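Quick look at start_21.txt (compact mmCIF, C-alpha atoms and all ligand atoms):
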# COMPACT_ATOMS: atom_id res chain seq x y z
CA MET A 1 -70.59 103.72 -38.69
CA LEU A 2 -73.40 101.52 -37.44
CA ILE A 3 -76.16 100.17 -39.64
CA THR A 4 -79.30 98.93 -37.92
CA CYS A 5 -80.24 95.78 -39.82
CA PRO A 6 -84.02 95.16 -39.65
CA TYR A 7 -83.28 91.61 -38.47
CA CYS A 8 -79.95 91.73 -36.64
CA GLY A 9 -80.12 95.16 -35.02
CA PRO A 10 -77.26 97.67 -34.92
CA ARG A 11 -74.09 96.21 -36.44
CA ASP A 12 -70.66 97.47 -37.37
CA LEU A 13 -70.07 98.68 -40.91
CA ALA A 14 -67.47 95.92 -41.39
CA GLU A 15 -70.30 93.36 -41.57
CA PHE A 16 -71.88 95.06 -44.59
CA SER A 17 -71.01 95.19 -48.29
CA TYR A 18 -72.01 98.08 -50.51
CA GLN A 19 -74.08 96.88 -53.45
CA GLY A 20 -74.57 100.06 -55.41
CA ASP A 21 -76.97 102.82 -56.34
CA ALA A 22 -80.65 101.99 -55.77
CA ASN A 23 -81.95 104.80 -57.95
CA ARG A 24 -81.76 102.88 -61.22
CA PRO A 25 -84.70 100.80 -62.39
CA ARG A 26 -83.29 98.19 -64.75
CA PRO A 27 -84.81 98.43 -68.24
CA ASP A 28 -86.87 95.49 -69.45
CA GLN A 29 -84.54 92.75 -70.67
CA HIS A 30 -86.08 92.96 -74.16
CA ASP A 31 -85.62 96.73 -74.33
CA THR A 32 -83.31 97.63 -77.22
CA ASP A 33 -83.28 101.37 -76.57
CA GLN A 34 -79.61 102.37 -76.38
CA ALA A 35 -80.29 105.59 -74.47
CA ARG A 36 -82.20 103.82 -71.71
CA TRP A 37 -79.47 101.20 -71.25
CA ASN A 38 -76.79 103.87 -71.38
CA ALA A 39 -78.63 105.79 -68.66
CA TYR A 40 -79.02 102.64 -66.59
CA VAL A 41 -75.35 101.75 -66.79
CA TYR A 42 -73.73 105.18 -66.58
CA ASP A 43 -76.03 107.88 -65.20
CA ARG A 44 -75.90 108.59 -61.49
CA ALA A 45 -77.78 111.27 -59.55
CA ASN A 46 -74.71 111.68 -57.30
CA PRO A 47 -76.49 113.81 -54.72
CA ALA A 48 -74.85 115.63 -51.84
CA GLY A 49 -77.37 114.44 -49.27
CA PRO A 50 -79.76 111.52 -48.93
CA HIS A 51 -78.95 108.67 -51.30
CA ARG A 52 -80.84 105.42 -51.86
CA GLU A 53 -78.42 102.51 -52.04
CA TYR A 54 -78.24 98.75 -51.74
CA TRP A 55 -76.15 97.09 -49.08
CA GLN A 56 -75.83 93.45 -48.11
CA HIS A 57 -75.52 92.34 -44.50
CA ALA A 58 -72.91 89.89 -45.76
CA GLY A 59 -71.38 89.19 -42.35
CA GLY A 60 -74.73 88.70 -40.64
CA CYS A 61 -78.13 87.60 -41.90
CA ARG A 62 -76.86 88.01 -45.50
CA LYS A 63 -80.01 89.87 -46.52
CA HIS A 64 -79.91 92.64 -49.12
CA LEU A 65 -80.99 95.98 -47.72
CA LEU A 66 -82.19 99.26 -49.15
CA ILE A 67 -80.63 102.08 -47.17
CA VAL A 68 -81.07 105.84 -47.41
CA ARG A 69 -77.73 107.32 -46.35
CA SER A 70 -76.55 110.90 -46.43
CA THR A 71 -73.48 111.16 -48.61
CA LEU A 72 -72.54 114.30 -46.64
CA THR A 73 -72.76 113.02 -43.07
CA HIS A 74 -73.17 109.22 -43.41
CA ALA A 75 -76.31 109.58 -41.28
CA ILE A 76 -78.65 106.68 -42.07
CA GLU A 77 -82.24 107.78 -42.60
CA SER A 78 -83.82 104.39 -43.15
CA VAL A 79 -83.05 100.70 -43.58
CA ALA A 80 -85.41 98.17 -45.15
CA PHE A 81 -85.13 94.75 -46.72
CA ALA A 82 -84.54 95.16 -50.45
CA GLY A 83 -87.63 94.05 -52.33
CA ALA A 84 -89.93 94.93 -49.43
CA PRO A 85 -92.90 97.17 -50.32
CA GLY A 86 -91.53 100.64 -51.02
CA ALA A 87 -87.96 99.37 -51.20
CA THR A 88 -87.70 98.96 -54.97
CA PRO A 89 -85.56 101.04 -57.32
CA GLN A 90 -86.87 104.48 -58.14
CA ALA A 91 -86.07 106.84 -60.97
CA PRO A 92 -83.00 108.96 -60.21
CA ARG A 93 -83.58 112.16 -58.33
CA ARG A 94 -82.56 114.72 -60.91
CA ALA A 95 -81.00 118.01 -59.88
CA ALA A 96 -83.68 120.58 -59.22
CA LYS A 97 -84.56 122.91 -62.06
CA GLY A 98 -82.91 126.29 -61.84
CA ARG A 99 -79.74 124.78 -60.49
CA THR A 100 -76.51 125.49 -62.30
CA LYS A 101 -73.11 123.89 -62.21
CA THR A 102 -71.79 126.60 -59.92
CA GLY A 103 -74.63 126.57 -57.42
CA PRO A 104 -78.30 127.14 -56.85
CA ALA A 105 -80.12 129.83 -58.79
CA LYS A 106 -80.68 133.11 -57.01
CA GLY A 107 -83.76 133.35 -54.89
CA LYS A 108 -84.28 129.58 -54.77
CA LYS A 109 -83.55 127.15 -52.05
CA PRO A 110 -80.95 124.59 -53.07
CA MET B 1 -70.18 53.41 -37.53
CA VAL B 2 -67.47 55.67 -38.87
CA GLU B 3 -65.74 57.68 -36.15
CA PRO B 4 -66.01 61.42 -36.93
CA VAL B 5 -62.68 63.23 -37.10
CA SER B 6 -62.30 66.64 -35.47
CA PRO B 7 -61.18 69.40 -37.82
CA LEU B 8 -59.11 70.86 -34.96
CA GLY B 9 -56.49 68.15 -35.37
CA ALA B 10 -53.22 68.97 -33.63
CA ALA B 11 -54.60 72.38 -32.55
CA TRP B 12 -56.72 70.58 -29.92
CA LYS B 13 -54.48 70.55 -26.85
CA PRO B 14 -56.44 69.48 -23.78
CA GLY B 15 -55.17 70.84 -20.49
CA ALA B 16 -55.19 73.77 -18.09
CA TYR B 17 -53.82 77.13 -19.15
CA PRO B 18 -54.34 79.46 -16.19
CA ASN B 19 -53.35 83.11 -16.45
CA THR B 20 -50.44 84.60 -14.51
CA ALA B 21 -52.71 85.04 -11.47
CA GLY B 22 -53.51 81.33 -11.56
CA GLU B 23 -57.13 81.92 -12.60
CA THR B 24 -59.18 79.93 -15.11
CA GLY B 25 -61.86 82.22 -16.52
CA LEU B 26 -63.39 79.87 -19.07
CA VAL B 27 -63.40 76.42 -20.61
CA LEU B 28 -63.03 75.93 -24.37
CA SER B 29 -64.38 72.77 -25.91
CA GLU B 30 -65.76 71.24 -29.08
CA THR B 31 -69.34 69.99 -28.85
CA ARG B 32 -69.09 67.73 -31.93
CA PRO B 33 -72.79 67.46 -32.79
CA GLY B 34 -73.78 64.70 -35.20
CA SER B 35 -76.15 67.05 -37.05
CA ILE B 36 -75.91 70.74 -37.95
CA VAL B 37 -78.71 71.69 -40.33
CA GLN B 38 -79.81 75.01 -41.79
CA VAL B 39 -83.48 75.36 -42.66
CA ALA B 40 -85.07 78.30 -44.46
CA ALA B 41 -88.71 79.11 -45.16
CA TRP B 42 -90.07 80.53 -48.36
CA PRO B 43 -91.60 83.98 -47.75
CA GLY B 44 -94.84 83.63 -45.84
CA ARG B 45 -94.11 80.04 -44.77
CA GLU B 46 -92.13 80.90 -41.61
CA LYS B 47 -94.77 79.70 -39.15
CA THR B 48 -95.12 76.36 -40.95
CA LEU B 49 -91.35 75.92 -40.79
CA ILE B 50 -91.23 76.80 -37.08
CA ALA B 51 -93.99 74.22 -36.47
CA ALA B 52 -91.99 71.60 -38.39
CA ILE B 53 -88.89 72.30 -36.28
CA LYS B 54 -91.02 71.80 -33.18
CA SER B 55 -92.53 68.56 -34.45
CA VAL B 56 -89.08 67.10 -35.19
CA THR B 57 -87.02 68.43 -32.27
CA GLY B 58 -89.58 69.46 -29.66
CA LEU B 59 -88.02 72.93 -29.64
CA ALA B 60 -90.71 75.64 -29.72
CA LEU B 61 -89.17 78.75 -31.27
CA ALA B 62 -90.65 82.19 -30.82
CA ASP B 63 -91.34 84.02 -34.09
CA GLY B 64 -88.80 86.79 -33.59
CA ALA B 65 -85.32 87.83 -34.73
CA GLY B 66 -82.62 85.56 -33.31
CA ALA B 67 -85.06 83.56 -31.19
CA GLY B 68 -83.78 80.18 -30.10
CA ARG B 69 -84.05 77.27 -27.70
CA VAL B 70 -81.68 74.77 -26.16
CA ASP B 71 -82.82 71.46 -24.73
CA GLY B 72 -80.13 69.00 -23.79
CA ALA B 73 -78.74 67.46 -26.96
CA LYS B 74 -80.82 69.64 -29.27
CA ALA B 75 -80.69 73.34 -30.12
CA ALA B 76 -82.19 75.73 -32.65
CA PHE B 77 -81.87 79.45 -33.29
CA GLY B 78 -82.69 82.07 -35.89
CA ILE B 79 -79.88 83.56 -38.00
CA ALA B 80 -81.86 85.45 -40.65
CA PRO B 81 -85.52 86.06 -41.54
CA GLY B 82 -87.17 82.65 -41.76
CA THR B 83 -83.78 80.93 -41.45
CA PHE B 84 -82.63 78.73 -38.57
CA VAL B 85 -79.74 76.57 -37.49
CA VAL B 86 -80.92 73.31 -35.94
CA VAL B 87 -78.45 71.10 -34.09
CA ASP B 88 -78.64 67.60 -32.64
CA GLN B 89 -75.91 65.57 -30.97
CA LYS B 90 -77.30 62.58 -32.90
CA GLU B 91 -76.81 62.08 -36.62
CA GLY B 92 -79.71 62.02 -39.07
CA LEU B 93 -81.45 65.31 -38.29
CA ALA B 94 -81.27 66.51 -41.91
CA ALA B 95 -83.26 63.48 -43.01
CA THR B 96 -85.98 63.89 -40.37
CA LEU B 97 -86.25 67.64 -41.00
CA GLY B 98 -86.28 66.99 -44.74
CA ALA B 99 -89.20 64.60 -44.30
CA ALA B 100 -91.11 67.14 -42.17
CA ILE B 101 -90.43 70.24 -44.29
CA GLY B 102 -92.12 70.02 -47.67
CA VAL B 103 -90.74 71.63 -50.81
CA ASP B 104 -93.56 74.16 -50.62
CA THR B 105 -92.42 75.22 -47.12
CA GLY B 106 -88.71 75.76 -47.48
CA THR B 107 -85.28 74.25 -47.78
CA VAL B 108 -83.14 71.95 -45.64
CA THR B 109 -79.34 72.07 -45.95
CA ASP B 110 -77.16 69.58 -44.12
CA LEU B 111 -74.10 71.43 -42.80
CA SER B 112 -72.97 68.74 -40.37
CA HIS B 113 -69.68 68.28 -42.23
CA GLY B 114 -69.34 71.95 -43.16
CA ARG B 115 -69.28 73.54 -39.71
CA THR B 116 -67.47 72.98 -36.50
CA ALA B 117 -69.10 73.67 -33.15
CA LEU B 118 -67.03 75.33 -30.42
CA ARG B 119 -68.15 76.08 -26.88
CA LEU B 120 -66.99 78.80 -24.51
CA ALA B 121 -68.18 78.39 -20.95
CA GLY B 122 -67.36 80.28 -17.80
CA PRO B 123 -67.49 83.72 -16.21
CA LYS B 124 -65.06 85.17 -18.81
CA ALA B 125 -66.84 83.76 -21.90
CA GLU B 126 -68.63 87.07 -22.59
CA TRP B 127 -65.37 88.97 -22.14
CA VAL B 128 -63.42 86.82 -24.60
CA LEU B 129 -66.19 86.86 -27.22
CA ALA B 130 -66.43 90.65 -26.98
CA LYS B 131 -62.84 90.79 -28.24
CA PHE B 132 -63.89 89.01 -31.42
CA PHE B 133 -67.30 90.37 -32.28
CA ALA B 134 -68.88 93.84 -32.18
CA LEU B 135 -71.96 92.52 -30.38
CA ASP B 136 -73.53 93.12 -26.99
CA PHE B 137 -73.02 89.83 -25.14
CA SER B 138 -74.79 90.93 -21.95
CA GLN B 139 -77.66 88.67 -20.91
CA THR B 140 -80.25 91.42 -21.35
CA ALA B 141 -79.26 92.02 -24.98
CA PHE B 142 -78.37 88.41 -25.76
CA PRO B 143 -80.56 86.13 -23.61
CA PRO B 144 -80.04 82.38 -23.16
CA GLY B 145 -81.19 80.42 -26.22
CA ALA B 146 -80.90 83.41 -28.56
CA GLY B 147 -78.77 83.29 -31.71
CA ARG B 148 -76.73 85.80 -33.69
CA ALA B 149 -75.13 85.67 -37.12
CA THR B 150 -71.96 87.70 -37.26
CA SER B 151 -68.39 87.52 -38.49
CA HIS B 152 -64.84 87.87 -37.26
CA HIS B 153 -63.09 89.45 -40.22
CA ASP B 154 -63.99 86.98 -42.99
CA ILE B 155 -64.84 84.07 -40.71
CA PHE B 156 -68.61 83.88 -40.43
CA ALA B 157 -69.80 82.76 -37.03
CA GLN B 158 -73.22 81.76 -35.85
CA ILE B 159 -73.47 82.09 -32.10
CA GLN B 160 -76.03 80.74 -29.69
CA ARG B 161 -76.08 81.53 -26.00
CA SER B 162 -76.65 78.03 -24.64
CA GLY B 163 -76.46 79.03 -20.97
CA ALA B 164 -76.03 81.97 -18.63
CA GLU B 165 -72.25 81.79 -19.07
CA GLN B 166 -72.06 79.55 -22.11
CA PHE B 167 -71.93 80.17 -25.87
CA ASP B 168 -71.83 77.76 -28.80
CA LEU B 169 -70.14 78.99 -31.98
CA TYR B 170 -70.62 77.46 -35.41
CA VAL B 171 -67.83 78.35 -37.84
CA PHE B 172 -66.77 77.01 -41.21
CA ARG B 173 -64.93 73.74 -40.72
CA SER B 174 -62.11 74.85 -43.01
CA PHE B 175 -61.42 77.78 -40.67
CA ALA B 176 -61.76 75.72 -37.49
CA ARG B 177 -58.08 75.38 -36.65
CA ALA B 178 -57.25 79.06 -37.25
CA PHE B 179 -60.29 80.26 -35.36
CA TRP B 180 -59.75 77.85 -32.48
CA THR B 181 -56.11 78.93 -32.14
CA ALA B 182 -57.21 82.59 -32.08
CA LEU B 183 -59.78 81.74 -29.39
CA CYS B 184 -57.07 80.13 -27.27
CA HIS B 185 -54.80 83.18 -27.64
CA ALA B 186 -57.65 85.53 -26.73
CA SER B 187 -58.39 83.42 -23.64
CA GLU B 188 -54.84 83.53 -22.27
CA GLU B 189 -55.51 86.78 -20.42
CA ALA B 190 -58.49 85.25 -18.57
CA GLY B 191 -56.92 81.83 -18.15
CA TYR B 192 -58.59 78.82 -19.76
CA ARG B 193 -58.94 75.10 -19.85
CA VAL B 194 -59.34 72.96 -22.96
CA GLY B 195 -61.50 69.86 -22.68
ZN ZN A 201 -78.76 91.41 -40.76

Could you take the file, read its structure, and then write that structure out as structure tokens?
Amino acid sequence: MLITCPYCGPRDLAEFSYQGDANRPRPDQHDTDQARWNAYVYDRANPAGPHREYWQHAGGCRKHLLIVRSTLTHAIESVAFAGAPGATPQAPRRAAKGRTKTGPAKGKKP
Amino acid sequence: MVEPVSPLGAAWKPGAYPNTAGETGLVLSETRPGSIVQVAAWPGREKTLIAAIKSVTGLALADGAGAGRVDGAKAAFGIAPGTFVVVDQKEGLAATLGAAIGVDTGTVTDLSHGRTALRLAGPKAEWVLAKFFALDFSQTAFPPGAGRATSHHDIFAQIQRSGAEQFDLYVFRSFARAFWTALCHASEEAGYRVG
């Protein structure tokens, strides 16, 4: 797998470290709401498809990156520096309504 | 003045080590610069930092990824956004860069004692380096002066192409002996000379 670092160009996966799910905005540090912290720590969208995630180019420029990677194919849709405009955590992509545990509802695209 | 000690120690074995065909494809050496300094700009201050590098070293860096210059005893190259390695054969570069780069521009870190500088030169330098790093070492992809930050397993290496057939590698000093020995082994096939 190659990841095209915005600074270094295409590099081998071995140079990168996975840094976790980038779909979780951290609650305010003064927030005392248990449910919000529980969701932040434990809830994952776990999609079969495009997934926003943090990586670090640890064996290169050492910058943190926000990558959209398909969990099905490992195809990389986009790479940006973490913290760049548009590269901040977003609310988890929830499963579409009408979807059940066994599969998509009839008559609806998954 | 105190005489600097090479971290290569007993692993430095000058001499000729041709391959079985009697060829010598490259020369391995240690450049032993007096100053190895990393400078980094705060976001938005990159151009000011590049101007400061030029005022101190005379090296005019292009504002692009991995851009670098080599001029005799001095060299500089980009390793990350707004971050550069600046090298001088003379000591004292960290102090002069520190005086030229204000706290509102960026940071200056003296790595002179933390890195060791190794040079590969010769027609087989690209070939040997390609065994270590998953990088394109061809001159079109990696032109003279340019720099790259990469790693060989867990040994970080900052590489500058300092000539058409010449590369300078900056690796952690504590890994110098292991990395140097690996370089020698990898060069056996091409034949090499140390010194
Ligand atoms: Zn990078």

Kindly provide, as JSON, numbers by chain, the residues of chain B having any atom no farther than 9 Å from an atom of chain A, counting all atoms listed in the file.
{"B": [64, 65, 66, 79, 80, 81, 83, 134, 135, 148, 149, 150, 151, 152, 153, 154, 155, 156, 157, 158]}

Nearest residue to Gly58 (chain B) from the set B:Arg45, B:Gly122, B:Pro7, B:Val86 (distances using only C-alpha atoms)
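Comparing B:Arg45, B:Gly122, B:Pro7, B:Val86 against Gly58 (chain B), the winner is B:Val86.
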
What does the distance between CA of Val103 (chain B) and CA of Leu49 (chain B) come to in Å, to one decimal place?
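Value for the CA of Val103 (chain B)-CA of Leu49 (chain B) distance: 10.9 Å.
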
Please measure the separation of CA of Leu97 (chain B) and CA of Phe81 (chain A), giving the value in Å to one decimal.
27.7 Å

For Pro144 (chain B): contacts at 7 Å, only C-alpha atoms, fewer than 5 positions along chain excluded, given as a PyMOL selection string:
chain B and resi 161-164

Computed interatomic separation between CA of Val79 (chain A) and CA of Leu2 (chain A) (Å)
11.5 Å

Spatial neighbours of Gly195 (chain B), 9 Å, only C-alpha atoms, chain gap at least 5 places, as a PyMOL selection string:
chain B and resi 12-16+27-30

From the list A:Arg24, A:Arg44, A:His30, A:His64, which residue is nearest ligand ZN 201 (chain A) when using only C-alpha atoms and all ligand atoms?
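Once distances to ligand ZN 201 (chain A) are computed over only C-alpha atoms and all ligand atoms, the minimum belongs to A:His64.
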
Smallest atom-to-atom distance to ligand ZN 201 (chain A): which of B:Gly145, B:Gly114, B:Gly78, B:Gly98, using only C-alpha atoms and all ligand atoms?
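The shortest atom-to-atom distance to ligand ZN 201 (chain A) comes from B:Gly78.
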
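Distances here use only C-alpha atoms; by that measure, the residue among A:Trp55, A:Trp37, A:Tyr42, A:Phe16 closest to Ile67 (chain A) is A:Trp55.
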
Excluding same-chain residues fewer than 5 positions from Glu46 (chain B), what lies within 10 Å of it counting all atoms listed in the file, as a list in words?
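Skipping anything fewer than 5 positions along the chain leaves Ala40, Ala41, Ala51, Ala52, Asp63, Pro81, Gly82, Thr83, Thr105 and Gly106 of chain B.
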
Pick from A:His74, A:Arg36, A:Gly83, A:Leu65: nearest to Pro50 (chain A), with only C-alpha atoms counted?
A:His74

Which one of A:Thr4, A:Gln34, A:Ser70, A:Gln19 sits closest to Gln56 (chain A) if you count only C-alpha atoms?
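With only C-alpha atoms as the atom set, the closest residue is A:Gln19.
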
Complete region 113-139 of chain B with N, CA, C and O atoms (output as a compact mmCIF listing (two decimals), in the frame of the given file).
# COMPACT_ATOMS: atom_id res chain seq x y z
N HIS B 113 -71.09 68.45 -41.91
CA HIS B 113 -69.68 68.28 -42.23
C HIS B 113 -69.05 69.61 -42.63
O HIS B 113 -67.87 69.67 -42.93
N GLY B 114 -69.85 70.66 -42.68
CA GLY B 114 -69.34 71.95 -43.16
C GLY B 114 -69.05 72.93 -42.05
O GLY B 114 -68.47 73.99 -42.28
N ARG B 115 -69.48 72.62 -40.83
CA ARG B 115 -69.28 73.54 -39.71
C ARG B 115 -68.60 72.79 -38.58
O ARG B 115 -68.69 71.56 -38.48
N THR B 116 -67.97 73.56 -37.74
CA THR B 116 -67.47 72.98 -36.50
C THR B 116 -68.08 73.77 -35.35
O THR B 116 -68.32 74.97 -35.48
N ALA B 117 -68.38 73.07 -34.27
CA ALA B 117 -69.10 73.67 -33.15
C ALA B 117 -68.16 73.80 -31.95
O ALA B 117 -67.64 72.80 -31.46
N LEU B 118 -67.94 75.05 -31.53
CA LEU B 118 -67.03 75.33 -30.42
C LEU B 118 -67.82 75.93 -29.27
O LEU B 118 -68.76 76.69 -29.49
N ARG B 119 -67.42 75.57 -28.06
CA ARG B 119 -68.15 76.08 -26.88
C ARG B 119 -67.21 76.86 -25.97
O ARG B 119 -66.10 76.42 -25.68
N LEU B 120 -67.69 78.01 -25.53
CA LEU B 120 -66.99 78.80 -24.51
C LEU B 120 -67.89 78.82 -23.30
O LEU B 120 -69.06 79.21 -23.41
N ALA B 121 -67.37 78.41 -22.16
CA ALA B 121 -68.18 78.39 -20.95
C ALA B 121 -67.38 78.92 -19.77
O ALA B 121 -66.20 78.59 -19.62
N GLY B 122 -68.03 79.75 -18.99
CA GLY B 122 -67.36 80.28 -17.80
C GLY B 122 -67.59 81.76 -17.65
O GLY B 122 -68.12 82.42 -18.55
N PRO B 123 -67.21 82.31 -16.49
CA PRO B 123 -67.49 83.72 -16.21
C PRO B 123 -66.82 84.68 -17.20
O PRO B 123 -67.27 85.81 -17.34
N LYS B 124 -65.75 84.26 -17.88
CA LYS B 124 -65.06 85.17 -18.81
C LYS B 124 -65.44 84.90 -20.27
O LYS B 124 -64.82 85.47 -21.18
N ALA B 125 -66.46 84.06 -20.52
CA ALA B 125 -66.84 83.76 -21.90
C ALA B 125 -67.30 85.02 -22.63
O ALA B 125 -66.89 85.30 -23.76
N GLU B 126 -68.15 85.82 -21.98
CA GLU B 126 -68.63 87.07 -22.59
C GLU B 126 -67.45 87.99 -22.93
O GLU B 126 -67.40 88.59 -24.00
N TRP B 127 -66.53 88.07 -21.99
CA TRP B 127 -65.37 88.97 -22.14
C TRP B 127 -64.53 88.57 -23.35
O TRP B 127 -64.13 89.41 -24.16
N VAL B 128 -64.26 87.28 -23.49
CA VAL B 128 -63.42 86.82 -24.60
C VAL B 128 -64.15 87.01 -25.93
O VAL B 128 -63.57 87.47 -26.91
N LEU B 129 -65.45 86.71 -25.97
CA LEU B 129 -66.19 86.86 -27.22
C LEU B 129 -66.27 88.33 -27.64
O LEU B 129 -66.25 88.64 -28.83
N ALA B 130 -66.33 89.23 -26.66
CA ALA B 130 -66.43 90.65 -26.98
C ALA B 130 -65.16 91.16 -27.66
O ALA B 130 -65.18 92.20 -28.31
N LYS B 131 -64.06 90.40 -27.52
CA LYS B 131 -62.84 90.79 -28.24
C LYS B 131 -62.96 90.46 -29.72
O LYS B 131 -62.27 91.05 -30.55
N PHE B 132 -63.78 89.48 -30.04
CA PHE B 132 -63.89 89.01 -31.42
C PHE B 132 -64.99 89.71 -32.21
O PHE B 132 -64.84 89.96 -33.40
N PHE B 133 -66.12 89.94 -31.55
CA PHE B 133 -67.30 90.37 -32.28
C PHE B 133 -67.85 91.68 -31.71
O PHE B 133 -67.90 91.84 -30.48
N ALA B 134 -68.29 92.57 -32.60
CA ALA B 134 -68.88 93.84 -32.18
C ALA B 134 -70.35 93.63 -31.84
O ALA B 134 -71.25 94.12 -32.51
N LEU B 135 -70.59 92.83 -30.81
CA LEU B 135 -71.96 92.52 -30.38
C LEU B 135 -72.07 92.76 -28.89
O LEU B 135 -71.07 92.68 -28.17
N ASP B 136 -73.27 93.00 -28.43
CA ASP B 136 -73.53 93.12 -26.99
C ASP B 136 -73.81 91.72 -26.46
O ASP B 136 -74.83 91.11 -26.79
N PHE B 137 -72.88 91.19 -25.66
CA PHE B 137 -73.02 89.83 -25.14
C PHE B 137 -73.68 89.79 -23.76
O PHE B 137 -73.76 88.72 -23.16
N SER B 138 -74.14 90.94 -23.27
CA SER B 138 -74.79 90.93 -21.95
C SER B 138 -76.08 90.12 -22.03
O SER B 138 -76.70 90.01 -23.09
N GLN B 139 -76.49 89.56 -20.89
CA GLN B 139 -77.66 88.67 -20.91
C GLN B 139 -78.95 89.39 -21.28
O GLN B 139 -79.87 88.77 -21.82
